[in-house]
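Peer 1: Next up, protein26.cif (mmCIF, C-alpha atoms and all ligand atoms).
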data_run
loop_
_atom_site.label_atom_id
_atom_site.label_comp_id
_atom_site.auth_asym_id
_atom_site.auth_seq_id
_atom_site.Cartn_x
_atom_site.Cartn_y
_atom_site.Cartn_z
CA MET A 11 2.87 -12.87 38.52
CA ASP A 12 4.03 -14.05 41.96
CA ALA A 13 5.55 -17.56 41.57
CA ALA A 14 4.27 -18.50 45.04
CA ASP A 15 0.65 -17.64 44.20
CA PRO A 16 -1.31 -20.93 44.52
CA ALA A 17 -3.64 -19.77 41.77
CA PHE A 18 -0.67 -19.87 39.38
CA PRO A 19 1.51 -22.90 40.22
CA ALA A 20 5.00 -22.56 38.76
CA ASP A 21 4.63 -25.58 36.46
CA ALA A 22 1.17 -24.63 35.16
CA PRO A 23 1.00 -24.28 31.37
CA PRO A 24 0.77 -20.66 30.21
CA PRO A 25 -2.82 -19.46 29.70
CA PRO A 26 -3.96 -20.08 26.10
CA ARG A 27 -3.31 -17.10 23.84
CA ARG A 28 -5.83 -16.22 21.20
CA ARG A 29 -4.49 -15.86 17.71
CA PRO A 30 -4.65 -12.16 16.81
CA ARG A 31 -7.70 -11.50 14.67
CA TYR A 32 -7.48 -10.04 11.20
CA ARG A 33 -8.78 -6.52 11.15
CA GLY A 34 -9.82 -6.92 7.54
CA LYS A 35 -9.46 -9.24 4.58
CA ASN A 36 -5.73 -8.71 4.17
CA PRO A 37 -3.65 -8.80 7.35
CA ARG A 38 -1.32 -5.80 7.52
CA ALA A 39 0.52 -6.17 10.80
CA PHE A 40 3.47 -8.59 10.94
CA HIS A 41 1.99 -10.65 13.79
CA GLU A 42 -1.36 -11.04 11.98
CA LYS A 43 0.27 -12.82 9.03
CA TYR A 44 0.15 -16.13 10.81
CA LYS A 45 -0.34 -18.16 7.61
CA GLU A 46 2.88 -16.75 6.15
CA HIS A 47 4.69 -17.70 9.35
CA ARG A 48 3.73 -21.37 8.74
CA PRO A 49 4.69 -22.03 5.12
CA ASP A 50 4.46 -25.83 5.53
CA GLN A 51 0.80 -25.56 6.53
CA PHE A 52 -0.26 -22.76 4.19
CA PRO A 53 1.79 -23.16 0.97
CA GLU A 54 -0.93 -21.54 -1.16
CA THR A 55 -0.87 -18.33 0.90
CA VAL A 56 2.92 -18.21 0.68
CA ARG A 57 2.78 -18.79 -3.10
CA LYS A 58 0.33 -15.89 -3.49
CA VAL A 59 2.50 -13.57 -1.40
CA LEU A 60 5.56 -14.47 -3.49
CA ALA A 61 3.63 -14.01 -6.73
CA SER A 62 2.65 -10.51 -5.63
CA GLY A 63 6.34 -9.53 -5.40
CA LYS A 64 6.39 -9.54 -1.59
CA THR A 65 8.53 -11.48 0.86
CA PRO A 66 6.47 -13.73 3.16
CA ALA A 67 6.59 -12.57 6.79
CA GLY A 68 9.48 -14.01 8.78
CA THR A 69 11.48 -15.09 5.71
CA HIS A 70 14.15 -13.71 3.38
CA ARG A 71 14.63 -14.49 -0.30
CA PRO A 72 18.22 -15.11 -1.38
CA ILE A 73 19.28 -12.60 -4.03
CA LEU A 74 21.25 -13.44 -7.19
CA LEU A 75 21.41 -17.07 -6.07
CA PRO A 76 22.25 -18.74 -9.43
CA GLU A 77 24.84 -16.05 -10.16
CA ILE A 78 26.46 -16.51 -6.73
CA LEU A 79 26.60 -20.28 -7.21
CA GLU A 80 28.21 -19.76 -10.59
CA VAL A 81 30.96 -17.45 -9.33
CA LEU A 82 31.67 -19.45 -6.15
CA ALA A 83 31.54 -22.84 -7.95
CA PRO A 84 30.88 -24.93 -4.80
CA GLN A 85 31.89 -28.60 -5.06
CA PRO A 86 31.49 -31.62 -2.76
CA GLY A 87 34.19 -31.52 -0.09
CA HIS A 88 34.62 -27.72 -0.12
CA PHE A 89 35.02 -25.71 3.07
CA ALA A 90 32.63 -22.78 2.66
CA ILE A 91 31.94 -19.67 4.73
CA ASP A 92 28.72 -17.71 4.79
CA CYS A 93 29.55 -14.50 6.69
CA THR A 94 25.89 -13.43 6.82
CA LEU A 95 23.62 -16.41 7.43
CA GLY A 96 20.30 -14.51 7.65
CA TYR A 97 17.43 -16.84 6.73
CA GLY A 98 19.91 -19.32 5.27
CA GLY A 99 18.72 -19.32 1.63
CA HIS A 100 22.23 -18.96 0.21
CA ALA A 101 23.60 -21.22 2.95
CA GLU A 102 21.23 -24.06 2.11
CA ALA A 103 22.05 -23.87 -1.60
CA LEU A 104 25.77 -23.97 -0.76
CA LEU A 105 25.27 -26.89 1.63
CA ARG A 106 23.49 -28.88 -1.06
CA ARG A 107 26.51 -28.49 -3.34
CA ILE A 108 29.41 -28.98 -0.91
CA THR A 109 28.01 -32.20 0.56
CA PRO A 110 29.07 -34.91 0.88
CA GLY A 111 32.37 -34.20 2.55
CA GLY A 112 32.15 -30.41 2.77
CA HIS A 113 31.51 -28.04 5.64
CA LEU A 114 29.76 -24.67 5.86
CA LEU A 115 30.76 -22.29 8.63
CA ALA A 116 28.10 -19.59 8.94
CA LEU A 117 28.25 -16.37 10.96
CA ASP A 118 25.64 -13.81 11.87
CA THR A 119 25.55 -11.25 14.64
CA ASP A 120 21.78 -11.61 15.06
CA PRO A 121 20.99 -13.59 18.24
CA ILE A 122 17.26 -13.77 17.40
CA GLU A 123 17.19 -15.02 13.80
CA GLY A 124 20.47 -16.96 13.89
CA PRO A 125 19.22 -19.77 16.16
CA ARG A 126 15.98 -20.05 14.13
CA THR A 127 17.92 -20.49 10.92
CA GLU A 128 20.27 -22.96 12.57
CA ALA A 129 17.23 -25.00 13.71
CA ARG A 130 15.74 -24.96 10.18
CA LEU A 131 18.98 -26.15 8.61
CA ARG A 132 19.39 -28.86 11.25
CA ALA A 133 15.80 -29.97 10.52
CA ALA A 134 16.70 -30.06 6.82
CA GLY A 135 19.33 -32.68 7.69
CA TYR A 136 22.55 -30.68 8.11
CA ALA A 137 24.24 -31.90 11.30
CA SER A 138 27.23 -30.30 13.03
CA ASP A 139 29.72 -32.26 10.93
CA THR A 140 28.53 -30.37 7.80
CA PHE A 141 27.19 -27.10 9.19
CA THR A 142 28.18 -24.86 12.09
CA TRP A 143 26.76 -21.50 13.05
CA GLU A 144 28.46 -18.92 15.25
CA ARG A 145 26.81 -15.77 16.55
CA ARG A 146 29.71 -13.57 15.64
CA ASN A 147 30.55 -10.41 13.77
CA PHE A 148 32.33 -11.22 10.51
CA ALA A 149 34.99 -8.69 11.52
CA GLY A 150 36.26 -11.51 13.77
CA LEU A 151 36.45 -14.09 10.98
CA GLY A 152 40.26 -13.89 10.61
CA ALA A 153 40.87 -14.83 14.25
CA LEU A 154 38.21 -17.55 14.15
CA LEU A 155 39.66 -19.20 11.04
CA ALA A 156 43.25 -19.00 12.28
CA ALA A 157 42.17 -21.29 15.11
CA ARG A 158 39.77 -23.46 13.16
CA GLN A 159 40.69 -23.71 9.49
CA PRO A 160 44.17 -22.18 9.09
CA GLN A 161 44.45 -23.40 5.49
CA GLY A 162 41.56 -21.08 4.60
CA ALA A 163 38.22 -21.58 2.86
CA ASP A 164 37.46 -22.65 -0.70
CA LEU A 165 34.67 -20.13 -0.94
CA LEU A 166 33.18 -17.26 1.04
CA LEU A 167 29.97 -15.27 0.72
CA ALA A 168 29.07 -11.95 2.33
CA ASP A 169 25.51 -10.75 1.64
CA LEU A 170 25.67 -7.37 3.38
CA GLY A 171 23.08 -5.31 5.21
CA VAL A 172 19.89 -6.42 6.89
CA SER A 173 17.55 -9.35 6.31
CA SER A 174 13.86 -9.11 5.47
CA MET A 175 13.07 -10.55 8.89
CA GLN A 176 14.97 -7.72 10.58
CA LEU A 177 13.25 -5.14 8.35
CA ASP A 178 9.76 -6.54 8.72
CA VAL A 179 9.50 -7.25 12.46
CA PRO A 180 8.35 -3.91 13.92
CA GLU A 181 9.97 -4.61 17.31
CA ARG A 182 13.41 -4.64 15.69
CA GLY A 183 12.94 -0.96 14.86
CA PHE A 184 14.39 -0.94 11.32
CA SER A 185 11.17 -0.28 9.47
CA VAL A 186 9.94 3.03 8.16
CA LYS A 187 6.61 1.46 7.19
CA THR A 188 5.57 0.00 10.54
CA ASP A 189 5.93 1.78 13.85
CA GLY A 190 8.22 0.28 16.46
CA PRO A 191 10.86 1.26 19.00
CA LEU A 192 13.71 3.04 17.20
CA ASP A 193 16.27 0.29 17.78
CA MET A 194 17.93 -0.93 14.53
CA ARG A 195 20.57 -3.11 16.21
CA MET A 196 21.34 -6.36 14.38
CA ASN A 197 22.42 -7.61 17.79
CA PRO A 198 20.02 -5.96 20.26
CA GLN A 199 22.13 -7.29 23.15
CA ARG A 200 25.04 -4.96 22.32
CA GLY A 201 25.67 -1.26 21.82
CA LEU A 202 23.34 1.72 21.68
CA SER A 203 19.93 1.63 20.03
CA ALA A 204 19.33 4.16 17.26
CA ALA A 205 17.17 6.21 19.65
CA ASP A 206 19.89 6.32 22.32
CA TRP A 207 22.58 7.16 19.77
CA LEU A 208 20.57 10.03 18.27
CA ALA A 209 19.81 11.35 21.76
CA LYS A 210 23.58 11.56 22.47
CA VAL A 211 25.18 12.44 19.17
CA ARG A 212 26.40 15.99 18.37
CA PRO A 213 25.38 17.67 15.11
CA ASP A 214 28.81 17.44 13.42
CA PRO A 215 29.30 13.67 13.69
CA LEU A 216 25.66 13.15 12.73
CA ALA A 217 26.07 15.30 9.60
CA ARG A 218 29.20 13.28 8.74
CA ALA A 219 27.32 9.99 9.22
CA LEU A 220 24.43 11.17 7.02
CA ARG A 221 26.86 12.16 4.26
CA ASP A 222 29.29 9.24 4.50
CA ASN A 223 26.74 6.47 5.05
CA ALA A 224 23.95 7.56 2.73
CA ASP A 225 25.16 10.50 0.57
CA GLU A 226 22.42 12.60 2.20
CA PRO A 227 22.35 16.00 0.43
CA HIS A 228 20.41 17.65 3.29
CA ALA A 229 22.92 16.41 5.93
CA ALA A 230 24.03 19.87 7.13
CA ARG A 231 20.46 21.09 7.62
CA LEU A 232 19.05 17.88 9.13
CA ALA A 233 21.84 17.14 11.63
CA PRO A 234 21.11 20.06 14.04
CA LEU A 235 17.39 19.19 13.91
CA LEU A 236 17.97 15.56 14.89
CA ALA A 237 21.11 15.50 17.06
CA GLY A 238 20.52 15.30 20.82
CA ARG A 239 16.78 14.71 20.45
CA LEU A 240 14.85 11.69 21.66
CA PHE A 241 12.87 9.85 18.97
CA PRO A 242 11.46 6.84 20.78
CA THR A 243 9.85 5.26 17.72
CA THR A 244 10.52 4.80 14.01
CA ARG A 245 7.40 6.82 13.26
CA ALA A 246 8.55 9.72 15.46
CA LEU A 247 11.82 9.98 13.52
CA ALA A 248 10.04 9.65 10.16
CA GLN A 249 7.54 12.39 11.13
CA ALA A 250 10.30 14.78 12.20
CA LEU A 251 12.01 14.24 8.82
CA ARG A 252 8.76 14.71 6.92
CA ALA A 253 8.25 18.05 8.66
CA ALA A 254 11.80 19.15 7.80
CA VAL A 255 12.02 18.57 4.03
CA PRO A 256 9.85 19.25 0.98
CA ALA A 257 7.08 16.64 0.64
CA ARG A 258 8.41 15.41 -2.71
CA ASP A 259 11.79 14.51 -1.12
CA ALA A 260 10.46 13.08 2.14
CA ASP A 261 10.35 9.35 1.34
CA GLU A 262 13.88 9.30 -0.05
CA VAL A 263 15.26 11.42 2.83
CA ILE A 264 13.65 9.10 5.38
CA ARG A 265 15.09 6.05 3.61
CA ARG A 266 18.59 7.57 3.53
CA VAL A 267 18.53 8.81 7.15
CA PHE A 268 17.38 5.39 8.40
CA GLN A 269 20.14 3.76 6.36
CA ALA A 270 22.80 6.17 7.67
CA VAL A 271 21.79 5.70 11.31
CA ARG A 272 21.59 1.92 10.93
CA ILE A 273 25.07 1.73 9.36
CA GLU A 274 26.48 3.92 12.12
CA ILE A 275 25.07 2.15 15.16
CA ASN A 276 25.94 -1.29 13.78
CA GLY A 277 29.47 -0.25 12.77
CA GLU A 278 28.78 -1.71 9.33
CA PHE A 279 31.56 0.02 7.40
CA SER A 280 34.28 -0.74 9.93
CA ALA A 281 33.22 -4.42 10.02
CA LEU A 282 33.26 -4.57 6.20
CA GLU A 283 36.69 -2.90 6.02
CA THR A 284 38.08 -5.40 8.54
CA LEU A 285 36.62 -8.33 6.61
CA LEU A 286 38.06 -7.05 3.33
CA ARG A 287 41.48 -6.59 4.96
CA THR A 288 41.52 -10.10 6.42
CA LEU A 289 39.85 -11.76 3.40
CA PRO A 290 43.03 -12.93 1.62
CA GLY A 291 44.13 -14.77 4.78
CA CYS A 292 40.68 -16.41 5.03
CA LEU A 293 40.84 -17.94 1.52
CA ALA A 294 42.82 -21.00 0.44
CA PRO A 295 44.89 -20.57 -2.77
CA GLY A 296 42.36 -20.44 -5.62
CA GLY A 297 39.54 -19.75 -3.13
CA ARG A 298 36.70 -17.50 -4.26
CA ALA A 299 34.80 -14.71 -2.51
CA ALA A 300 31.47 -13.13 -3.48
CA PHE A 301 30.15 -9.90 -1.96
CA LEU A 302 26.57 -8.75 -2.39
CA THR A 303 26.22 -5.01 -1.65
CA PHE A 304 23.17 -2.76 -1.50
CA HIS A 305 24.43 0.81 -1.66
CA SER A 306 27.36 2.82 -2.93
CA GLY A 307 29.23 2.99 0.41
CA GLU A 308 29.47 -0.80 0.51
CA ASP A 309 30.18 -1.31 -3.18
CA ARG A 310 32.93 1.36 -3.23
CA ARG A 311 34.80 -0.43 -0.44
CA VAL A 312 34.51 -3.89 -2.01
CA LYS A 313 35.52 -2.62 -5.45
CA ALA A 314 38.57 -0.75 -4.10
CA ALA A 315 39.77 -3.73 -2.01
CA PHE A 316 39.41 -6.18 -4.90
CA LYS A 317 41.17 -3.82 -7.35
CA GLU A 318 44.04 -3.30 -4.94
CA GLY A 319 44.29 -7.07 -4.34
CA LEU A 320 44.47 -7.68 -8.10
CA ARG A 321 47.18 -5.01 -8.47
CA THR A 322 49.32 -6.55 -5.73
CA GLY A 323 48.78 -10.11 -6.97
CA THR A 324 46.79 -11.21 -3.89
CA TYR A 325 43.89 -12.00 -6.21
CA SER A 326 44.41 -13.67 -9.56
CA ALA A 327 41.09 -12.43 -10.97
CA ILE A 328 38.21 -10.15 -9.96
CA ALA A 329 34.84 -9.25 -11.47
CA ASP A 330 35.29 -6.81 -14.38
CA GLU A 331 31.75 -5.55 -14.01
CA VAL A 332 29.20 -5.76 -11.23
CA ILE A 333 26.55 -8.42 -11.65
CA ARG A 334 23.01 -7.12 -11.06
CA PRO A 335 19.60 -8.78 -10.80
CA GLY A 336 17.75 -9.01 -14.09
CA PRO A 337 14.24 -7.59 -14.67
CA ALA A 338 12.52 -10.85 -13.63
CA GLU A 339 14.27 -11.02 -10.25
CA ARG A 340 13.69 -7.30 -9.63
CA ARG A 341 10.00 -7.75 -10.41
CA GLU A 342 9.62 -10.86 -8.28
CA ASN A 343 11.69 -9.50 -5.41
CA PRO A 344 11.81 -5.69 -5.39
CA ARG A 345 14.25 -5.84 -2.46
CA SER A 346 16.85 -7.13 -4.91
CA THR A 347 16.70 -3.92 -6.99
CA SER A 348 19.80 -2.22 -5.59
CA ALA A 349 21.91 -5.40 -5.25
CA LYS A 350 25.39 -5.57 -6.81
CA LEU A 351 27.56 -8.67 -6.84
CA ARG A 352 31.36 -8.62 -7.05
CA TRP A 353 33.76 -11.54 -6.78
CA ALA A 354 37.47 -12.16 -6.38
CA LYS A 355 39.68 -15.24 -6.72
CA ARG A 356 42.67 -15.74 -4.40
CA ALA A 357 45.96 -16.21 -6.21
C1 LIG B 401 20.98 -9.70 3.74
S1 LIG B 401 20.97 -10.70 5.16
C2 LIG B 401 21.60 -12.25 4.61
C3 LIG B 401 20.58 -13.11 3.97
C4 LIG B 401 21.04 -14.49 3.62
N1 LIG B 401 22.06 -14.50 2.61
C5 LIG B 401 19.89 -15.40 3.22
O1 LIG B 401 19.96 -16.06 2.18
O2 LIG B 401 18.90 -15.44 3.97
C6 LIG B 401 22.31 -10.05 6.05
C7 LIG B 401 22.57 -10.73 7.38
O3 LIG B 401 23.88 -10.37 7.77
C8 LIG B 401 23.93 -10.14 9.14
N2 LIG B 401 25.06 -9.23 9.36
C9 LIG B 401 25.18 -7.95 8.98
N3 LIG B 401 26.38 -7.46 9.34
C10 LIG B 401 27.04 -8.48 9.94
C11 LIG B 401 28.34 -8.60 10.51
N4 LIG B 401 29.20 -7.57 10.55
N5 LIG B 401 28.71 -9.80 11.01
C12 LIG B 401 27.86 -10.87 10.96
N6 LIG B 401 26.60 -10.80 10.45
C13 LIG B 401 26.20 -9.62 9.94
C14 LIG B 401 22.59 -9.56 9.47
O4 LIG B 401 22.27 -9.77 10.82
C15 LIG B 401 21.66 -10.30 8.52
O5 LIG B 401 21.12 -11.43 9.13
#
What would the structure in this file look like if it were written as structure tokens?
Ligand SMILES: C[S@@+](CC[C@H](N)C(=O)[O-])C[C@H]1O[C@@H](n2cnc3c(N)ncnc32)[C@H](O)[C@@H]1O

Peer 2:
Amino acid sequence: MDAADPAFPADAPPPPRRRPRYRGKNPRAFHEKYKEHRPDQFPETVRKVLASGKTPAGTHRPILLPEILEVLAPQPGHFAIDCTLGYGGHAEALLRRITPGGHLLALDTDPIEGPRTEARLRAAGYASDTFTWERRNFAGLGALLAARQPQGADLLLADLGVSSMQLDVPERGFSVKTDGPLDMRMNPQRGLSAADWLAKVRPDPLARALRDNADEPHAARLAPLLAGRLFPTTRALAQALRAAVPARDADEVIRRVFQAVRIEINGEFSALETLLRTLPGCLAPGGRAAFLTFHSGEDRRVKAAFKEGLRTGTYSAIADEVIRPGPAERRENPRSTSAKLRWAKRA
């Protein structure tokens, strides 16, 4: 629209937009689920969605919350760090326990969901003296804390991977189920989208990424079929994979390839390795860390770093066994199924 057009004065309110109509009884598309997007106005709809084992649109359910609170033992006055704010479910539970007197520093690289979560937590009564959010990769936590809280934190949480909001919004391009641009960046303002990366990558590094990031057994065969090709949408990539593997394997192959590409373009393993390396310097003596992982590549790295820290005396105790969601949580929130929790205590 031309700003000088007298028919559309610059300060005119935008033309009213019609709410998208349901195509049937149950809305399928993310933008049609308008009741789920307004939980305060439609609590019954949200309750039904939760009862059906689904995550209401635009939200994320915190996983292993009671177990995380038990291992981190937050107390009033604690300085806490949430490396992965997401929808803020864990953050809010921590805030409730560290106030009065405590402070939660939360990070997330996502410039779209981060400000929304910050606004929700502010509306819930957490002002900047108790809660701060930084749009930042947790790989930079060491430098941030050195300037801000050199004595280290009493507790730290990292809930790795992507949030339900990122997965469910088709425009973010993470979802196999709904078509969208093949993007997959947690921070869409930086780096290459998944489509651009696949269009540039050579077969060898792609095969390595498929193996290292998702243990993909068909890596050697799939890499030459995918590398250097343009897949503009999530559906285009999923269809190419479906055509390339036996039908019985297709869903799992698609899930693993999406995971491998996502990990690669977001530099997830290098960020995790940096965080694990700097973790001891981020914790006060006796400080506790909890890591929630969702696949073997993440869990292997956390386990190895904690074991090494225990051997060298950096940590005084670590989890003997992983903590996993019980049957009730897995039933109520199927996205929790692959979660594994490990913790460590700074000496
Ligand atoms: C599983 S969600 C966290 C959910 C959150 N615990 C809650 O209760 O809603 C993971 C979040 O971590 C963020 N994230 C992933 N890698 C990150 C990194 N290296 N630095 C900062 N944030 C990251 C993602 O953008 C996403 O919002």

Peer 1: Quick one: residues within 12 Å of (37.0, -3.6, 7.7) (file frame), counting all atoms listed in the file, please, as a ChimeraX atom specification.

Peer 2: /A:147-152,277-289,308,311-312,315

Peer 1: With distances taken over only C-alpha atoms, which residue among A:Gly99, A:Pro337, A:Gly190, A:Pro121 lies nearest Ala246 (chain A)?

Peer 2: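 Of the candidates, the smallest distance to Ala246 (chain A) is held by A:Gly190.
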
Peer 1: Have a look at CA of Gln85 (chain A) and CA of Cys292 (chain A) and let me know their distance in Å, one decimal.

Peer 2: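 Computing the Euclidean distance for CA of Gln85 (chain A) and CA of Cys292 (chain A) yields 18.1 Å.
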
Peer 1: Using only C-alpha atoms and all ligand atoms, find each protein or nucleic acid residue lying at most 8 Å from ligand LIG 401 (chain B); present the set as a PyMOL selection string.

Peer 2: chain A and resi 69-73+92-101+117-120+123-124+145-149+168-174+176+196-197+276-278+281-282

Peer 1: Excluding Ile264 (chain A) and its own-chain neighbours fewer than 4 positions away, which residues fall within 12 Å of it when counting all atoms listed in the file? Please give them as a PyMOL selection string.

Peer 2: chain A and resi 184-187+220+224+226+228-229+232+244-260+268-271

Peer 1: Measuring between only C-alpha atoms, which one of A:Arg341, A:Arg321, A:Arg352, A:Arg265 shows the shortest distance to Arg298 (chain A)?

Peer 2: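 Under the stated criterion, the closest residue is A:Arg352.
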
Peer 1: Pick out the closest residue to Pro295 (chain A) from this set: A:Pro213, A:Gly336, A:Pro160, A:Pro198. Count all atoms listed in the file.

Peer 2: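 Answer, going by the shortest atom-to-atom distance: A:Pro160.
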